Amino acid sequence: DYNFQIDKNEPATITGFVKLNQAKSNENVSIKIAELNIYANQKINENGEVNFRFNTSAISYWSPENPKLYDVIIVYNKQVIKDKIGFRTIETKDGKIYLNKNPIFLKGVSMHEESARGGRGNSKEDALRLLNWAKEMGCNYVRLAHYPHQENMVRLADEMGILVWEEIPVYW
């Protein structure tokens, strides 16, 4: 498991962890975000974790107008995980929502995983079709209704500059 996020109090700092099963302490995990000039080899602790904190002034924050994603690479014992991650801050204050310290008005729709051909939409093409329709209507966010959708829905939304409100599978 892994997590990368902006430090709430220091927006030029990326914090997070990598947690491994059956890892040996004192072995190394390599973390790379080349575009931000982050290259780190860190020792695994006795709990199988690596906690990190990287300072960088070069972060381009993700927004609907600038859906910037960074290639993140994690390497452990010849195993490689590659991901694309956007960095952003979201907070509320005085009844307003702020994205990267700027007020944002959410314009969106609620959607189910549907296929234009009928039935449940499972493919990347189905997700792209729905998200393109939302963009054509001027939406900057979508609400994924009632259940977590296929991962490709969130990945494509990130690439397209669409914020996502995803419900967790908890009854009421």
# chains A, B, ... in the order shown; residues from 1 in each chain; ligands from 1
$ select_by_dssp --residues "stretch 86-134 of chain A" --states "strand (DSSP E or B)" --output "mmCIF file with all heavy atoms, in the first residue's frame"
data_model
loop_
_atom_site.group_PDB
_atom_site.id
_atom_site.type_symbol
_atom_site.label_atom_id
_atom_site.label_comp_id
_atom_site.auth_asym_id
_atom_site.auth_seq_id
_atom_site.Cartn_x
_atom_site.Cartn_y
_atom_site.Cartn_z
ATOM 1 N N ILE A 90 -7.637 20.599 -0.891
ATOM 2 C CA ILE A 90 -9.073 20.881 -0.883
ATOM 3 C C ILE A 90 -9.461 21.181 0.558
ATOM 4 O O ILE A 90 -9.101 20.441 1.472
ATOM 5 C CB ILE A 90 -9.894 19.685 -1.411
ATOM 6 C CG1 ILE A 90 -9.520 19.380 -2.858
ATOM 7 C CG2 ILE A 90 -11.392 19.968 -1.290
ATOM 8 C CD1 ILE A 90 -10.174 18.138 -3.428
ATOM 9 N N GLU A 91 -10.180 22.287 0.743
ATOM 10 C CA GLU A 91 -10.641 22.623 2.087
ATOM 11 C C GLU A 91 -11.931 23.420 1.980
ATOM 12 O O GLU A 91 -12.282 23.920 0.906
ATOM 13 C CB GLU A 91 -9.571 23.403 2.853
ATOM 14 C CG GLU A 91 -9.106 24.675 2.171
ATOM 15 C CD GLU A 91 -7.902 25.291 2.857
ATOM 16 O OE1 GLU A 91 -7.820 25.276 4.093
ATOM 17 O OE2 GLU A 91 -7.034 25.791 2.136
ATOM 18 N N THR A 92 -12.633 23.513 3.089
ATOM 19 C CA THR A 92 -13.840 24.321 3.155
ATOM 20 C C THR A 92 -13.652 25.388 4.226
ATOM 21 O O THR A 92 -12.982 25.166 5.237
ATOM 22 C CB THR A 92 -15.081 23.469 3.484
ATOM 23 O OG1 THR A 92 -14.882 22.821 4.740
ATOM 24 C CG2 THR A 92 -15.348 22.443 2.409
ATOM 25 N N LYS A 93 -14.252 26.554 3.982
ATOM 26 C CA LYS A 93 -14.171 27.646 4.939
ATOM 27 C C LYS A 93 -15.320 28.607 4.654
ATOM 28 O O LYS A 93 -15.526 28.997 3.500
ATOM 29 C CB LYS A 93 -12.825 28.355 4.816
ATOM 30 C CG LYS A 93 -12.616 29.450 5.828
ATOM 31 C CD LYS A 93 -11.231 30.053 5.653
ATOM 32 C CE LYS A 93 -11.042 31.200 6.627
ATOM 33 N NZ LYS A 93 -9.756 31.849 6.416
ATOM 34 N N LYS A 96 -17.629 27.852 1.745
ATOM 35 C CA LYS A 96 -17.083 27.772 0.395
ATOM 36 C C LYS A 96 -16.081 26.623 0.306
ATOM 37 O O LYS A 96 -15.483 26.230 1.301
ATOM 38 C CB LYS A 96 -16.376 29.077 0.017
ATOM 39 C CG LYS A 96 -17.322 30.244 -0.126
ATOM 40 C CD LYS A 96 -16.596 31.479 -0.578
ATOM 41 C CE LYS A 96 -17.582 32.634 -0.723
ATOM 42 N NZ LYS A 96 -16.902 33.869 -1.078
ATOM 43 N N ILE A 97 -15.899 26.133 -0.909
ATOM 44 C CA ILE A 97 -14.906 25.089 -1.175
ATOM 45 C C ILE A 97 -13.716 25.750 -1.847
ATOM 46 O O ILE A 97 -13.880 26.584 -2.754
ATOM 47 C CB ILE A 97 -15.493 23.993 -2.098
ATOM 48 C CG1 ILE A 97 -16.692 23.324 -1.421
ATOM 49 C CG2 ILE A 97 -14.428 22.961 -2.456
ATOM 50 C CD1 ILE A 97 -17.455 22.384 -2.321
ATOM 51 N N TYR A 98 -12.510 25.374 -1.382
ATOM 52 C CA TYR A 98 -11.277 25.928 -1.933
ATOM 53 C C TYR A 98 -10.428 24.799 -2.501
ATOM 54 O O TYR A 98 -10.170 23.813 -1.824
ATOM 55 C CB TYR A 98 -10.482 26.667 -0.854
ATOM 56 C CG TYR A 98 -11.177 27.923 -0.381
ATOM 57 C CD1 TYR A 98 -12.157 27.859 0.601
ATOM 58 C CD2 TYR A 98 -10.868 29.149 -0.941
ATOM 59 C CE1 TYR A 98 -12.808 29.006 1.030
ATOM 60 C CE2 TYR A 98 -11.515 30.301 -0.518
ATOM 61 C CZ TYR A 98 -12.482 30.225 0.465
ATOM 62 O OH TYR A 98 -13.125 31.352 0.871
ATOM 63 N N LEU A 99 -10.008 24.969 -3.731
ATOM 64 C CA LEU A 99 -9.087 24.040 -4.387
ATOM 65 C C LEU A 99 -7.777 24.787 -4.568
ATOM 66 O O LEU A 99 -7.753 25.841 -5.223
ATOM 67 C CB LEU A 99 -9.647 23.588 -5.739
ATOM 68 C CG LEU A 99 -8.748 22.671 -6.564
ATOM 69 C CD1 LEU A 99 -8.571 21.331 -5.869
ATOM 70 C CD2 LEU A 99 -9.318 22.478 -7.959
ATOM 71 N N ASN A 102 -7.849 28.440 -3.772
ATOM 72 C CA ASN A 102 -8.714 29.291 -4.593
ATOM 73 C C ASN A 102 -10.155 28.792 -4.514
ATOM 74 O O ASN A 102 -10.399 27.581 -4.612
ATOM 75 C CB ASN A 102 -8.265 29.273 -6.060
ATOM 76 C CG ASN A 102 -6.864 29.815 -6.215
ATOM 77 O OD1 ASN A 102 -6.559 30.895 -5.724
ATOM 78 N ND2 ASN A 102 -6.010 29.063 -6.878
ATOM 79 N N PRO A 103 -11.140 29.699 -4.365
ATOM 80 C CA PRO A 103 -12.534 29.243 -4.317
ATOM 81 C C PRO A 103 -12.930 28.591 -5.640
ATOM 82 O O PRO A 103 -12.497 29.008 -6.706
ATOM 83 C CB PRO A 103 -13.328 30.526 -4.068
ATOM 84 C CG PRO A 103 -12.421 31.642 -4.413
ATOM 85 C CD PRO A 103 -11.011 31.146 -4.307
ATOM 86 N N ILE A 104 -13.727 27.537 -5.519
ATOM 87 C CA ILE A 104 -14.207 26.839 -6.716
ATOM 88 C C ILE A 104 -15.697 26.568 -6.545
ATOM 89 O O ILE A 104 -16.161 26.216 -5.457
ATOM 90 C CB ILE A 104 -13.428 25.529 -6.976
ATOM 91 C CG1 ILE A 104 -13.856 24.903 -8.310
ATOM 92 C CG2 ILE A 104 -13.564 24.557 -5.826
ATOM 93 C CD1 ILE A 104 -12.955 23.768 -8.785
ATOM 94 N N GLY A 108 -21.724 20.020 -11.682
ATOM 95 C CA GLY A 108 -21.583 18.625 -12.033
ATOM 96 C C GLY A 108 -22.885 17.869 -12.137
ATOM 97 O O GLY A 108 -23.972 18.431 -12.028
ATOM 98 N N VAL A 109 -22.711 16.584 -12.341
ATOM 99 C CA VAL A 109 -23.836 15.658 -12.466
ATOM 100 C C VAL A 109 -23.537 14.406 -11.649
ATOM 101 O O VAL A 109 -22.389 14.118 -11.335
ATOM 102 C CB VAL A 109 -24.082 15.257 -13.942
ATOM 103 C CG1 VAL A 109 -24.540 16.449 -14.760
ATOM 104 C CG2 VAL A 109 -22.857 14.617 -14.544
ATOM 105 N N SER A 110 -24.589 13.692 -11.345
ATOM 106 C CA SER A 110 -24.458 12.395 -10.689
ATOM 107 C C SER A 110 -24.541 11.333 -11.772
ATOM 108 O O SER A 110 -25.333 11.448 -12.697
ATOM 109 C CB SER A 110 -25.595 12.219 -9.682
ATOM 110 O OG SER A 110 -25.479 10.980 -9.025
ATOM 111 N N MET A 111 -23.700 10.318 -11.676
ATOM 112 C CA MET A 111 -23.714 9.293 -12.723
ATOM 113 C C MET A 111 -23.537 7.895 -12.146
ATOM 114 O O MET A 111 -22.893 7.705 -11.123
ATOM 115 C CB MET A 111 -22.648 9.568 -13.789
ATOM 116 C CG MET A 111 -21.231 9.612 -13.276
ATOM 117 S SD MET A 111 -19.957 9.815 -14.541
ATOM 118 C CE MET A 111 -20.524 11.146 -15.505
ATOM 119 N N GLU A 114 -22.817 3.365 -16.522
ATOM 120 C CA GLU A 114 -23.736 2.945 -17.566
ATOM 121 C C GLU A 114 -23.043 2.925 -18.920
ATOM 122 O O GLU A 114 -22.156 3.716 -19.184
ATOM 123 C CB GLU A 114 -24.928 3.904 -17.635
ATOM 124 C CG GLU A 114 -25.740 3.914 -16.359
ATOM 125 C CD GLU A 114 -26.813 4.982 -16.378
ATOM 126 O OE1 GLU A 114 -26.509 6.142 -16.728
ATOM 127 O OE2 GLU A 114 -27.948 4.645 -16.025
ATOM 128 N N ARG A 120 -24.447 -2.189 -17.592
ATOM 129 C CA ARG A 120 -23.351 -1.584 -16.832
ATOM 130 C C ARG A 120 -22.150 -1.308 -17.723
ATOM 131 O O ARG A 120 -21.762 -2.126 -18.541
ATOM 132 C CB ARG A 120 -22.951 -2.523 -15.691
ATOM 133 C CG ARG A 120 -22.008 -1.877 -14.729
ATOM 134 C CD ARG A 120 -21.899 -2.662 -13.462
ATOM 135 N NE ARG A 120 -21.079 -1.921 -12.519
ATOM 136 C CZ ARG A 120 -20.771 -2.334 -11.336
ATOM 137 N NH1 ARG A 120 -21.223 -3.496 -10.927
ATOM 138 N NH2 ARG A 120 -20.016 -1.626 -10.545
#
$ residues_around --residues "A:Glu136" --least-positions-apart "3" --cutoff "12 Å" --atoms "only C-alpha atoms" --output "PDB file with N, CA and C atoms, in the first residue's frame"
ATOM      1  N   LYS A 107     -19.723  22.423 -10.554  1.00  0.00           N
ATOM      2  CA  LYS A 107     -20.788  22.269 -11.536  1.00  0.00           C
ATOM      3  C   LYS A 107     -20.708  20.816 -12.004  1.00  0.00           C
ATOM      4  N   GLY A 108     -21.724  20.020 -11.682  1.00  0.00           N
ATOM      5  CA  GLY A 108     -21.583  18.625 -12.033  1.00  0.00           C
ATOM      6  C   GLY A 108     -22.885  17.869 -12.137  1.00  0.00           C
ATOM      7  N   VAL A 109     -22.711  16.584 -12.341  1.00  0.00           N
ATOM      8  CA  VAL A 109     -23.836  15.658 -12.466  1.00  0.00           C
ATOM      9  C   VAL A 109     -23.537  14.406 -11.649  1.00  0.00           C
ATOM     10  N   LEU A 128     -14.960   7.002 -20.555  1.00  0.00           N
ATOM     11  CA  LEU A 128     -14.584   8.160 -21.354  1.00  0.00           C
ATOM     12  C   LEU A 128     -15.814   8.822 -21.971  1.00  0.00           C
ATOM     13  N   ARG A 129     -16.751   8.027 -22.442  1.00  0.00           N
ATOM     14  CA  ARG A 129     -17.979   8.563 -23.039  1.00  0.00           C
ATOM     15  C   ARG A 129     -18.742   9.385 -21.995  1.00  0.00           C
ATOM     16  N   LEU A 130     -18.941   8.830 -20.789  1.00  0.00           N
ATOM     17  CA  LEU A 130     -19.683   9.532 -19.747  1.00  0.00           C
ATOM     18  C   LEU A 130     -18.973  10.810 -19.310  1.00  0.00           C
ATOM     19  N   LEU A 131     -17.676  10.733 -19.137  1.00  0.00           N
ATOM     20  CA  LEU A 131     -16.922  11.909 -18.701  1.00  0.00           C
ATOM     21  C   LEU A 131     -16.870  12.981 -19.789  1.00  0.00           C
ATOM     22  N   ASN A 132     -16.790  12.581 -21.049  1.00  0.00           N
ATOM     23  CA  ASN A 132     -16.842  13.555 -22.141  1.00  0.00           C
ATOM     24  C   ASN A 132     -18.187  14.262 -22.178  1.00  0.00           C
ATOM     25  N   TRP A 133     -19.267  13.524 -21.937  1.00  0.00           N
ATOM     26  CA  TRP A 133     -20.582  14.152 -21.890  1.00  0.00           C
ATOM     27  C   TRP A 133     -20.632  15.180 -20.764  1.00  0.00           C
ATOM     28  N   CYS A 139     -19.302  20.652 -16.946  1.00  0.00           N
ATOM     29  CA  CYS A 139     -19.070  20.162 -15.586  1.00  0.00           C
ATOM     30  C   CYS A 139     -17.585  20.208 -15.230  1.00  0.00           C
ATOM     31  N   ASN A 140     -17.315  20.521 -13.976  1.00  0.00           N
ATOM     32  CA  ASN A 140     -15.953  20.411 -13.464  1.00  0.00           C
ATOM     33  C   ASN A 140     -15.848  19.329 -12.390  1.00  0.00           C
ATOM     34  N   MET A 160      -8.568  14.240 -17.220  1.00  0.00           N
ATOM     35  CA  MET A 160      -9.406  15.202 -17.931  1.00  0.00           C
ATOM     36  C   MET A 160      -9.685  16.468 -17.133  1.00  0.00           C
ATOM     37  N   ILE A 162     -11.403  16.602 -14.085  1.00  0.00           N
ATOM     38  CA  ILE A 162     -12.728  16.530 -13.479  1.00  0.00           C
ATOM     39  C   ILE A 162     -12.577  16.052 -12.036  1.00  0.00           C
TER      40      ILE A 162
END
$ atom_distance --atom1 "atom CA of A:Met153" --atom2 "atom CA of A:Gln5"
20.5 Å
$ residues_around --residues "A:Asn47" --least-positions-apart "4" --cutoff "10 Å" --atoms "only C-alpha atoms" --output "PyMOL selection string"
chain A and resi 19-25
$ atom_distance --atom1 "atom CA of A:His146" --atom2 "atom CA of A:Gly121"
14.9 Å
$ closest_residue --among "A:Ile38, A:Ile44, A:Ile81, A:Ala116" --to "A:Asn26" --atoms "only C-alpha atoms"
A:Ile44
$ atom_distance --atom1 "atom CA of A:Tyr39" --atom2 "atom CA of A:Asn66"
24.5 Å
$ select_by_dssp --residues "stretch 4-143 of chain A" --states "alpha helix (DSSP H)" --output "MDAnalysis selection string"
chainID A and resid 124:136
$ write_last_selection --atoms "N, CA and C atoms" --output "PDB file, in the first residue's frame"
ATOM      1  N   LYS A 124     -13.011   1.249 -20.318  1.00  0.00           N
ATOM      2  CA  LYS A 124     -12.434   2.585 -20.350  1.00  0.00           C
ATOM      3  C   LYS A 124     -13.228   3.460 -21.325  1.00  0.00           C
ATOM      4  N   GLU A 125     -13.662   2.883 -22.432  1.00  0.00           N
ATOM      5  CA  GLU A 125     -14.430   3.626 -23.431  1.00  0.00           C
ATOM      6  C   GLU A 125     -15.761   4.108 -22.860  1.00  0.00           C
ATOM      7  N   ASP A 126     -16.426   3.253 -22.044  1.00  0.00           N
ATOM      8  CA  ASP A 126     -17.686   3.657 -21.411  1.00  0.00           C
ATOM      9  C   ASP A 126     -17.451   4.831 -20.468  1.00  0.00           C
ATOM     10  N   ALA A 127     -16.388   4.756 -19.655  1.00  0.00           N
ATOM     11  CA  ALA A 127     -16.066   5.840 -18.726  1.00  0.00           C
ATOM     12  C   ALA A 127     -15.734   7.119 -19.494  1.00  0.00           C
ATOM     13  N   LEU A 128     -14.960   7.002 -20.555  1.00  0.00           N
ATOM     14  CA  LEU A 128     -14.584   8.160 -21.354  1.00  0.00           C
ATOM     15  C   LEU A 128     -15.814   8.822 -21.971  1.00  0.00           C
ATOM     16  N   ARG A 129     -16.751   8.027 -22.442  1.00  0.00           N
ATOM     17  CA  ARG A 129     -17.979   8.563 -23.039  1.00  0.00           C
ATOM     18  C   ARG A 129     -18.742   9.385 -21.995  1.00  0.00           C
ATOM     19  N   LEU A 130     -18.941   8.830 -20.789  1.00  0.00           N
ATOM     20  CA  LEU A 130     -19.683   9.532 -19.747  1.00  0.00           C
ATOM     21  C   LEU A 130     -18.973  10.810 -19.310  1.00  0.00           C
ATOM     22  N   LEU A 131     -17.676  10.733 -19.137  1.00  0.00           N
ATOM     23  CA  LEU A 131     -16.922  11.909 -18.701  1.00  0.00           C
ATOM     24  C   LEU A 131     -16.870  12.981 -19.789  1.00  0.00           C
ATOM     25  N   ASN A 132     -16.790  12.581 -21.049  1.00  0.00           N
ATOM     26  CA  ASN A 132     -16.842  13.555 -22.141  1.00  0.00           C
ATOM     27  C   ASN A 132     -18.187  14.262 -22.178  1.00  0.00           C
ATOM     28  N   TRP A 133     -19.267  13.524 -21.937  1.00  0.00           N
ATOM     29  CA  TRP A 133     -20.582  14.152 -21.890  1.00  0.00           C
ATOM     30  C   TRP A 133     -20.632  15.180 -20.764  1.00  0.00           C
ATOM     31  N   ALA A 134     -20.062  14.850 -19.618  1.00  0.00           N
ATOM     32  CA  ALA A 134     -20.033  15.795 -18.493  1.00  0.00           C
ATOM     33  C   ALA A 134     -19.240  17.050 -18.875  1.00  0.00           C
ATOM     34  N   LYS A 135     -18.085  16.869 -19.504  1.00  0.00           N
ATOM     35  CA  LYS A 135     -17.271  18.018 -19.934  1.00  0.00           C
ATOM     36  C   LYS A 135     -18.034  18.876 -20.945  1.00  0.00           C
ATOM     37  N   GLU A 136     -18.740  18.231 -21.889  1.00  0.00           N
ATOM     38  CA  GLU A 136     -19.508  18.971 -22.898  1.00  0.00           C
ATOM     39  C   GLU A 136     -20.591  19.835 -22.259  1.00  0.00           C
TER      40      GLU A 136
END
$ decode --residues "stretch 78-103 of chain A" --atoms "N, CA and C atoms" --output "PDB file, in the first residue's frame"
ATOM      1  N   LYS A  78      13.097  -5.568  -6.778  1.00  0.00           N
ATOM      2  CA  LYS A  78      12.835  -5.780  -8.208  1.00  0.00           C
ATOM      3  C   LYS A  78      11.351  -5.735  -8.581  1.00  0.00           C
ATOM      4  N   GLN A  79      10.502  -5.394  -7.628  1.00  0.00           N
ATOM      5  CA  GLN A  79       9.083  -5.200  -7.915  1.00  0.00           C
ATOM      6  C   GLN A  79       8.866  -3.709  -8.142  1.00  0.00           C
ATOM      7  N   VAL A  80       8.125  -3.380  -9.200  1.00  0.00           N
ATOM      8  CA  VAL A  80       7.944  -1.981  -9.574  1.00  0.00           C
ATOM      9  C   VAL A  80       6.459  -1.648  -9.646  1.00  0.00           C
ATOM     10  N   ILE A  81       6.095  -0.542  -9.010  1.00  0.00           N
ATOM     11  CA  ILE A  81       4.743   0.001  -9.120  1.00  0.00           C
ATOM     12  C   ILE A  81       4.867   1.369  -9.752  1.00  0.00           C
ATOM     13  N   LYS A  82       4.077   1.606 -10.802  1.00  0.00           N
ATOM     14  CA  LYS A  82       4.043   2.912 -11.453  1.00  0.00           C
ATOM     15  C   LYS A  82       2.637   3.474 -11.314  1.00  0.00           C
ATOM     16  N   ASP A  83       2.555   4.758 -11.006  1.00  0.00           N
ATOM     17  CA  ASP A  83       1.266   5.407 -10.850  1.00  0.00           C
ATOM     18  C   ASP A  83       1.371   6.836 -11.372  1.00  0.00           C
ATOM     19  N   LYS A  84       0.232   7.447 -11.612  1.00  0.00           N
ATOM     20  CA  LYS A  84       0.164   8.864 -11.979  1.00  0.00           C
ATOM     21  C   LYS A  84      -0.638   9.547 -10.884  1.00  0.00           C
ATOM     22  N   ILE A  85      -0.025  10.578 -10.279  1.00  0.00           N
ATOM     23  CA  ILE A  85      -0.641  11.224  -9.124  1.00  0.00           C
ATOM     24  C   ILE A  85      -0.659  12.728  -9.331  1.00  0.00           C
ATOM     25  N   GLY A  86      -1.811  13.333  -9.042  1.00  0.00           N
ATOM     26  CA  GLY A  86      -1.945  14.783  -9.054  1.00  0.00           C
ATOM     27  C   GLY A  86      -1.959  15.288  -7.623  1.00  0.00           C
ATOM     28  N   PHE A  87      -1.321  16.408  -7.392  1.00  0.00           N
ATOM     29  CA  PHE A  87      -1.258  16.981  -6.049  1.00  0.00           C
ATOM     30  C   PHE A  87      -2.161  18.203  -5.996  1.00  0.00           C
ATOM     31  N   ARG A  88      -2.994  18.273  -4.955  1.00  0.00           N
ATOM     32  CA  ARG A  88      -3.947  19.366  -4.796  1.00  0.00           C
ATOM     33  C   ARG A  88      -4.315  19.497  -3.328  1.00  0.00           C
ATOM     34  N   THR A  89      -4.804  20.642  -2.951  1.00  0.00           N
ATOM     35  CA  THR A  89      -5.357  20.811  -1.614  1.00  0.00           C
ATOM     36  C   THR A  89      -6.835  21.141  -1.776  1.00  0.00           C
ATOM     37  N   ILE A  90      -7.637  20.599  -0.891  1.00  0.00           N
ATOM     38  CA  ILE A  90      -9.073  20.881  -0.883  1.00  0.00           C
ATOM     39  C   ILE A  90      -9.461  21.181   0.558  1.00  0.00           C
ATOM     40  N   GLU A  91     -10.180  22.287   0.743  1.00  0.00           N
ATOM     41  CA  GLU A  91     -10.641  22.623   2.087  1.00  0.00           C
ATOM     42  C   GLU A  91     -11.931  23.420   1.980  1.00  0.00           C
ATOM     43  N   THR A  92     -12.633  23.513   3.089  1.00  0.00           N
ATOM     44  CA  THR A  92     -13.840  24.321   3.155  1.00  0.00           C
ATOM     45  C   THR A  92     -13.652  25.388   4.226  1.00  0.00           C
ATOM     46  N   LYS A  93     -14.252  26.554   3.982  1.00  0.00           N
ATOM     47  CA  LYS A  93     -14.171  27.646   4.939  1.00  0.00           C
ATOM     48  C   LYS A  93     -15.320  28.607   4.654  1.00  0.00           C
ATOM     49  N   ASP A  94     -16.063  28.939   5.688  1.00  0.00           N
ATOM     50  CA  ASP A  94     -17.168  29.894   5.567  1.00  0.00           C
ATOM     51  C   ASP A  94     -18.141  29.517   4.458  1.00  0.00           C
ATOM     52  N   GLY A  95     -18.451  28.232   4.360  1.00  0.00           N
ATOM     53  CA  GLY A  95     -19.433  27.776   3.387  1.00  0.00           C
ATOM     54  C   GLY A  95     -18.942  27.694   1.958  1.00  0.00           C
ATOM     55  N   LYS A  96     -17.629  27.852   1.745  1.00  0.00           N
ATOM     56  CA  LYS A  96     -17.083  27.772   0.395  1.00  0.00           C
ATOM     57  C   LYS A  96     -16.081  26.623   0.306  1.00  0.00           C
ATOM     58  N   ILE A  97     -15.899  26.133  -0.909  1.00  0.00           N
ATOM     59  CA  ILE A  97     -14.906  25.089  -1.175  1.00  0.00           C
ATOM     60  C   ILE A  97     -13.716  25.750  -1.847  1.00  0.00           C
ATOM     61  N   TYR A  98     -12.510  25.374  -1.382  1.00  0.00           N
ATOM     62  CA  TYR A  98     -11.277  25.928  -1.933  1.00  0.00           C
ATOM     63  C   TYR A  98     -10.428  24.799  -2.501  1.00  0.00           C
ATOM     64  N   LEU A  99     -10.008  24.969  -3.731  1.00  0.00           N
ATOM     65  CA  LEU A  99      -9.087  24.040  -4.387  1.00  0.00           C
ATOM     66  C   LEU A  99      -7.777  24.787  -4.568  1.00  0.00           C
ATOM     67  N   ASN A 100      -6.718  24.274  -3.959  1.00  0.00           N
ATOM     68  CA  ASN A 100      -5.403  24.931  -4.016  1.00  0.00           C
ATOM     69  C   ASN A 100      -5.493  26.381  -3.554  1.00  0.00           C
ATOM     70  N   LYS A 101      -6.251  26.605  -2.484  1.00  0.00           N
ATOM     71  CA  LYS A 101      -6.420  27.933  -1.840  1.00  0.00           C
ATOM     72  C   LYS A 101      -7.296  28.893  -2.638  1.00  0.00           C
ATOM     73  N   ASN A 102      -7.849  28.440  -3.772  1.00  0.00           N
ATOM     74  CA  ASN A 102      -8.714  29.291  -4.593  1.00  0.00           C
ATOM     75  C   ASN A 102     -10.155  28.792  -4.514  1.00  0.00           C
ATOM     76  N   PRO A 103     -11.140  29.699  -4.365  1.00  0.00           N
ATOM     77  CA  PRO A 103     -12.534  29.243  -4.317  1.00  0.00           C
ATOM     78  C   PRO A 103     -12.930  28.591  -5.640  1.00  0.00           C
TER      79      PRO A 103
END
